[in-house]
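What follows is one structure encoded as structure tokens, with my remarks underneath.
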Amino acid sequence: MNSVQQSEDWHRLPYSQVLEILNTSSNGLSSNEAAIRLKKTGPNILMRQGGESAIKIFLRQFFNPLIYILLASTVLAFSLGKVTDGIVVFTVIMVNAIIGFIQEYQAGKTIEGLLKLVPENATVMRDGKKKNSAAAEIVPGDYILLQAGDKVSADMRLTFVKNMQCNESILTGESLPVEKYTEATNADAGIADRKCMVFSGTLVTSGTAEGVVVATGSETEIGKISKLLQNTTSVKSPLTKSLEKIAKGITYSILLVGILVTLIGIFRGHTIIDAVFSAITLAVAAIPEGLPAIITIASAIGVMRMAKRQAIIRHLSAVETLGSTTVICSDKTGTLTLNEMTVRELWNGKQKFKVSGAGINPDGKIINLDTDQVATGEEIEELIRAAALCNDSTLQYKEGHWTAVGDPTEVALIAAAGKFGLKEEHLKNEWQRLDELPFDSARKIMATLHKSPSGEKIIYLKGAPESVIPLLKHSEKLSGRAIKDEVRAESLRLAETGMRVLAFASKKLQNANSSVITEDELNEFDFLGIQAMSDPTRLEVKEAINACHHAGITVKMITGDHPATAVAIGKELRLINPERVVTGKELQNMSEEELAYEVKNTNIFARVSPEDKLNLVKALQSDGQVVAMTGDGVNDAPALKRADIGVAMGITGTAVSKEASDMILANDNFESIKAAVEEGRRVFDNLLKSIIFVLPTSIGLGLVIFIAVLFFPSENGLLLLPMQPVQVLWINLITAVSLALPLAMEVMEPDVMNRPPRKPDKPLLSPFIIFRMILVSMIMAGGTIGLFLWEYHIELSRGTEQSLAVSEAQTMAVTSMVLFQVFYLIDCRSLKFSVRKIGIFSNPTIYLGISLVLLAQIAFVYAPFMNRWFHSSPLKADAWGLSTVVAFSIMIIIGIEKWLRQKYYQKH
């Protein structure tokens, strides 16, 4: 049976043929046959591959070259009796592992949301009788009965339909319910155009229907999305890739230099233990242990800022990636638009009326129902009265807001009547309904008979223009032309703008005693007018898109809606090249080269399937783009997961889309994406400042140890090193983190949204950054070694015992390195400008960080317990003074370097 599920395009076949292929009928299957088929196809549930265990996720945090070196250092430290050193290094490893584990543990829940979309029960025909069956036991060939409010349990080919509409937004992205009928459709019709099918997980909003199950479980459309999700892998952020390259470079360099240091030490007559210990010290010095914590905490600060701007970040790596985004692929409904049907334009054959603010959103709230009243004449009043009376929906005001009951299109008509001052309750009380002709999907009209306050009996007619036009009076003319031609032309014009168009007409009954609508009465109607409605764009989106264009970010609309609607919205929002639109059907027939061309040159894609969205994201990434993808439906989930940044809607988004995303918009507003990109760029700028601050310190420490091994003597069996490993960790982890974190609080650069995105393949360490790091490292290393030797020989000349002289000299070396960092931190507040230009006190947290570090360093020097743990010794006042003067030199040198670089750029 599985092969049958996969092989047939059921929507292109007459339902009689479908019943024949599946060997079933309207009486359904027998219980025995259903049981046999259930064994073959398996239960009607979405299968999920086993996820990673918490232990496996935790262990993966140790699969990192830098961690390997630290683990080896820990083992060697313990084996050499350096217990305190080993504990400190191991603590660093565990802290980083715990942080990484917490970030990843929330991943992998996407499929769980899909499982909730399949209903628990269904009404099925078994053994010729109607039966309430568990949805999991539904099989291909089962005959299912559907009614309003039912959630569809499997993919079905409809065999009978009565005024049925189905909400398929989780699959197609279309906000409006879709009318269903039994006629077969074209073989190449997309999901949104398969009107003779209903799909698992969608909702029946009105009417009744019957259908035969053609696919269950993983073979349904929602099952295919589940497969896509399980087979779709997330991509690494640009910063993560850059840091991995840096980590590998540092690792290979440390291994090479560590082996070299060991060999040099042995060659110079050091013991093997001393030589290996020197290599460990160098490894600990050169590894920027604090960098992972800095990146994590700086990103977390960005998360808090973004949350204030309605962007909720689920994964920390998304913060930095936002700053590198080059393309935003946005869904239309609810993101670029309000996701509410709104009457936008009325036409009575003579005048056009623009309407604003008359609409209703999915949670039933009326927008500006009682404001901005529009004065109207009698002719337009009858048009809006007809729309409100020939209407089965209603609005109810409860607990401070309006609640809608019924079809969104009809609700929009009632809202528009309220906008024009005609209240639903008063109308229905004064205009008694005597009879009705319910909406028929075949005729596409609805008619109601009313008794007016004056006693007249009037039929109001509503429907698609092509259905209403034949029922109008033949003799009526507008502007010298037949009214039918005028109505047809105006309807076409409005439809081409992407709006849904309804025509209205009326007719007075000649027979005053009649209280029913007969077929004979369905002719010679008087034309009342047209109401055109659409989902309006958000007011602030146009400005946000314009800001993105200025920032070098391309905005593309990818929607399941009709191409005409997408183009109309694209023009209104001023997307680049809005006339060009490509459909999902066209995408599926393209070669890789054609697809690569279209993703570069087309910014509007309509009628796309989940696979189409996923392929578009992959094609953009293959072109080197960093892609942010928005969506709210189940159909968006695979593309959201694959995108560099998946952005789900917080209000209208499904649980599945939210779990697949990296970021959730609390207000469903595109403007918040722009704000998030802005914050992302700020975060990246500040992270870069932190990296430029931390790496030279590690390199400088490595240089200190390397130079010591090369040139320092071994006196009385004691290897002379300017710092011990545990002291190096103090500098790398405690002081570096405390000083680097305030850089994450730096204010936004003024040109943050007026420069192109950072190229994904651009190295994080540019030639300028490498030069700056080498310069700073040499200054720090030279100053630290000089002060160590100065203090060591001064103390020896004072008659201090050698081990104490080494301890005091090492303490001075650590202190000088900390002071170098304090002064270099102030320079790092801006990579281009002086501190005076960016504002000395524009970031007060800088001085808080400096204060905390100085207090910690004082404790390092004078607290007895710190002296025991870190082998430090108290320093005299002159040692502090000399260290401060030498360390201050870095501000002077970097200041000169900035000035020279600015002069160079001004000339070139």
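In the structure tokens, chains take the letters A, B, ... in the order shown, each chain's residues start at 1, and ligands count up from 1 in the order shown.
In the backbone-derived DSSP annotation, strand (DSSP E or B) within range 542-636 of chain A comprises A:Thr554, A:Val555, A:Lys556, A:Met557, A:Ile558, A:Val582, A:Thr583, A:Ile604, A:Phe605, A:Ala606, A:Val627, A:Ala628, A:Met629, A:Thr630, A:Gly631.
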Original post:
Can you list, as a ChimeraX atom specification, every protein, DNA or RNA residue that comes within 12 Å of range 480-495 of chain A when you count only C-alpha atoms, leaving out same-chain residues fewer than 5 positions away?
Top reply: /A:343-352,463-475,500-505,524-534,562-565,567-568
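For Ile458 in chain A, the residues within 8 Å (counting only C-alpha atoms, excluding itself and residues fewer than 3 positions away along the chain) are Leu449, His450, Lys451, Ser452, Ser506, Lys507, Lys508 and Leu509 of chain A.
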Dump of C-alpha atoms for the selected residues, as a PDB file, in the first residue's frame:
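This went into again32.pdb:
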ATOM      1  CA  LEU A 449     -34.468  38.154   1.666  1.00  0.00           C
ATOM      2  CA  HIS A 450     -35.207  40.977   4.133  1.00  0.00           C
ATOM      3  CA  LYS A 451     -38.167  43.022   5.230  1.00  0.00           C
ATOM      4  CA  SER A 452     -37.212  46.687   5.390  1.00  0.00           C
ATOM      5  CA  SER A 506     -30.436  44.044  -4.830  1.00  0.00           C
ATOM      6  CA  LYS A 507     -33.947  43.403  -6.061  1.00  0.00           C
ATOM      7  CA  LYS A 508     -37.345  44.401  -4.708  1.00  0.00           C
ATOM      8  CA  LEU A 509     -39.931  41.603  -4.664  1.00  0.00           C
TER       9      LEU A 509
END
Please give the complete set of residues from range 416-487 of chain A that DSSP, run on the backbone, assigns to helix (DSSP H, G or I), formatted as a short mmCIF file (atom, residue, chain, number, x, y, z; two decimals) with N, CA and C atoms, in the first residue's frame.
data_model
loop_
_atom_site.label_atom_id
_atom_site.label_comp_id
_atom_site.auth_asym_id
_atom_site.auth_seq_id
_atom_site.Cartn_x
_atom_site.Cartn_y
_atom_site.Cartn_z
N ALA A 416 -16.37 46.68 8.02
CA ALA A 416 -16.44 47.85 7.14
C ALA A 416 -17.76 48.61 7.36
N ALA A 417 -18.84 47.87 7.56
CA ALA A 417 -20.13 48.52 7.84
C ALA A 417 -20.03 49.33 9.12
N GLY A 418 -19.39 48.77 10.13
CA GLY A 418 -19.18 49.49 11.37
C GLY A 418 -18.33 50.72 11.17
N LYS A 419 -17.37 50.60 10.29
CA LYS A 419 -16.50 51.73 9.97
C LYS A 419 -17.30 52.89 9.39
N GLU A 424 -24.00 46.35 13.15
CA GLU A 424 -24.58 45.05 12.81
C GLU A 424 -25.87 44.77 13.58
N GLU A 425 -25.85 45.00 14.87
CA GLU A 425 -27.00 44.67 15.71
C GLU A 425 -28.24 45.45 15.28
N HIS A 426 -28.05 46.75 15.02
CA HIS A 426 -29.19 47.58 14.61
C HIS A 426 -29.72 47.13 13.25
N LEU A 427 -28.83 46.86 12.33
CA LEU A 427 -29.25 46.45 10.99
C LEU A 427 -30.07 45.17 11.04
N LYS A 428 -29.60 44.17 11.75
CA LYS A 428 -30.28 42.87 11.75
C LYS A 428 -31.61 42.93 12.50
N ASN A 429 -31.70 43.87 13.45
CA ASN A 429 -32.98 44.03 14.14
C ASN A 429 -34.00 44.74 13.27
N GLU A 430 -33.53 45.75 12.52
CA GLU A 430 -34.45 46.55 11.71
C GLU A 430 -34.78 45.89 10.37
N PRO A 465 -17.74 38.40 -8.75
CA PRO A 465 -18.25 39.24 -9.84
C PRO A 465 -18.71 38.43 -11.05
N GLU A 466 -17.96 37.39 -11.41
CA GLU A 466 -18.33 36.61 -12.59
C GLU A 466 -19.64 35.86 -12.38
N SER A 467 -20.05 35.65 -11.11
CA SER A 467 -21.32 34.99 -10.84
C SER A 467 -22.47 35.98 -10.70
N VAL A 468 -22.17 37.18 -10.24
CA VAL A 468 -23.21 38.20 -10.04
C VAL A 468 -23.56 38.89 -11.36
N ILE A 469 -22.55 39.14 -12.20
CA ILE A 469 -22.78 39.90 -13.44
C ILE A 469 -23.90 39.32 -14.30
N PRO A 470 -23.97 38.00 -14.52
CA PRO A 470 -25.06 37.46 -15.37
C PRO A 470 -26.45 37.70 -14.79
N LEU A 471 -26.57 38.01 -13.51
CA LEU A 471 -27.87 38.18 -12.87
C LEU A 471 -28.31 39.64 -12.84
N ILE A 483 -23.66 47.93 -18.12
CA ILE A 483 -23.19 47.82 -16.74
C ILE A 483 -22.34 46.57 -16.52
N LYS A 484 -22.72 45.50 -17.24
CA LYS A 484 -21.97 44.26 -17.07
C LYS A 484 -20.51 44.43 -17.48
N ASP A 485 -20.29 45.17 -18.56
CA ASP A 485 -18.92 45.41 -19.03
C ASP A 485 -18.15 46.27 -18.05
N GLU A 486 -18.82 47.28 -17.49
CA GLU A 486 -18.16 48.17 -16.52
C GLU A 486 -17.77 47.40 -15.26
N VAL A 487 -18.69 46.60 -14.76
CA VAL A 487 -18.42 45.83 -13.54
C VAL A 487 -17.29 44.83 -13.78
#
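Remark: for Pro578 in chain A, the closest of the candidate residues A:Lys556, A:Arg309, A:Phe865, A:Ser591 is A:Lys556 (distances computed over only C-alpha atoms).
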Subject >> One-decimal distance in Å that lies between CA of Ser218 in chain A and CA of Gly650 in chain A >> reply: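 If I compute the distance from CA of Gly650 in chain A to CA of Ser218 in chain A, I get 27.3 Å.
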Subject >> Val152 in chain A surroundings by only C-alpha atoms, 9 Å radius, close-in-sequence under 2 positions cut, as a PyMOL selection string >> reply: chain A and resi 118-119+122+146+150+154-156+198-204
Would you mind exporting N, CA and C atoms of the selected residues as a CSV table (one decimal), in the first residue's frame?
chain,number,residue,atom,x,y,z
A,118,VAL,N,-1.7,16.1,14.4
A,118,VAL,CA,-2.6,15.0,13.9
A,118,VAL,C,-3.6,14.7,15.0
A,119,PRO,N,-4.9,14.8,14.7
A,119,PRO,CA,-6.0,14.6,15.7
A,119,PRO,C,-6.0,13.2,16.2
A,122,ALA,N,-11.3,10.3,14.4
A,122,ALA,CA,-11.9,10.7,13.1
A,122,ALA,C,-13.2,9.9,12.9
A,146,LEU,N,-16.3,14.5,7.2
A,146,LEU,CA,-15.8,15.7,7.8
A,146,LEU,C,-16.9,16.8,8.0
A,150,ASP,N,-13.6,20.1,12.4
A,150,ASP,CA,-12.8,18.9,12.4
A,150,ASP,C,-11.4,19.2,12.0
A,154,ALA,N,-5.8,12.7,7.8
A,154,ALA,CA,-5.0,12.2,6.8
A,154,ALA,C,-5.2,12.9,5.5
A,155,ASP,N,-4.3,12.7,4.6
A,155,ASP,CA,-4.5,13.3,3.2
A,155,ASP,C,-5.7,12.6,2.5
A,156,MET,N,-6.6,13.3,2.0
A,156,MET,CA,-7.8,12.7,1.4
A,156,MET,C,-8.2,13.3,0.1
A,198,VAL,N,-7.9,17.4,0.8
A,198,VAL,CA,-7.7,18.0,2.1
A,198,VAL,C,-6.5,17.3,2.7
A,199,PHE,N,-5.8,18.0,3.6
A,199,PHE,CA,-4.5,17.4,4.1
A,199,PHE,C,-4.4,17.3,5.6
A,200,SER,N,-3.7,16.3,6.0
A,200,SER,CA,-3.6,16.0,7.5
A,200,SER,C,-3.1,17.3,8.2
A,201,GLY,N,-3.8,17.5,9.4
A,201,GLY,CA,-3.4,18.6,10.2
A,201,GLY,C,-4.0,19.9,9.9
A,202,THR,N,-4.8,20.0,8.8
A,202,THR,CA,-5.5,21.3,8.5
A,202,THR,C,-6.9,21.3,9.1
A,203,LEU,N,-7.5,22.4,9.1
A,203,LEU,CA,-8.8,22.6,9.8
A,203,LEU,C,-10.0,22.9,8.9
A,204,VAL,N,-11.1,22.1,9.1
A,204,VAL,CA,-12.3,22.4,8.3
A,204,VAL,C,-13.0,23.6,9.0
Original post:
CA of Gly680 in chain A and CA of Leu825 in chain A, how far apart in Å?
Top reply: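 Separation of CA of Leu825 in chain A and CA of Gly680 in chain A: 22.0 Å.
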Original post:
Hey, what's within 7 Å of range 164-171 of chain A if we count only C-alpha atoms and toss same-chain stuff fewer than 5 positions away? As a ChimeraX atom specification, please?
Top reply: /A:176-180,202-209,633-635
Original post:
Given the choices A:Lys898, A:Arg433, A:Ile604, A:Ser26, which gets closest to Glu579 in chain A if the distance is worked out from only C-alpha atoms?
Top reply: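 Once distances to Glu579 in chain A are computed over only C-alpha atoms, the minimum belongs to A:Ile604.
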Subject >> Proximity to Thr554 in chain A - best of A:Val627, A:Ala813, A:Met125, A:Ala184, only C-alpha atoms >> reply: A:Val627
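Atom pair CA of Ser226 in chain A / CA of Ile313 in chain A: separated by 23.6 Å.
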Original post:
Which residues come within 12 Å of range 832-841 of chain A, counting only C-alpha atoms, excluding same-chain residues fewer than 3 positions away, as number ranges by chain?
Top reply: A: 685, 689, 746-750, 768-769, 772, 823-829, 844-848, 891-892, 894-903, 905
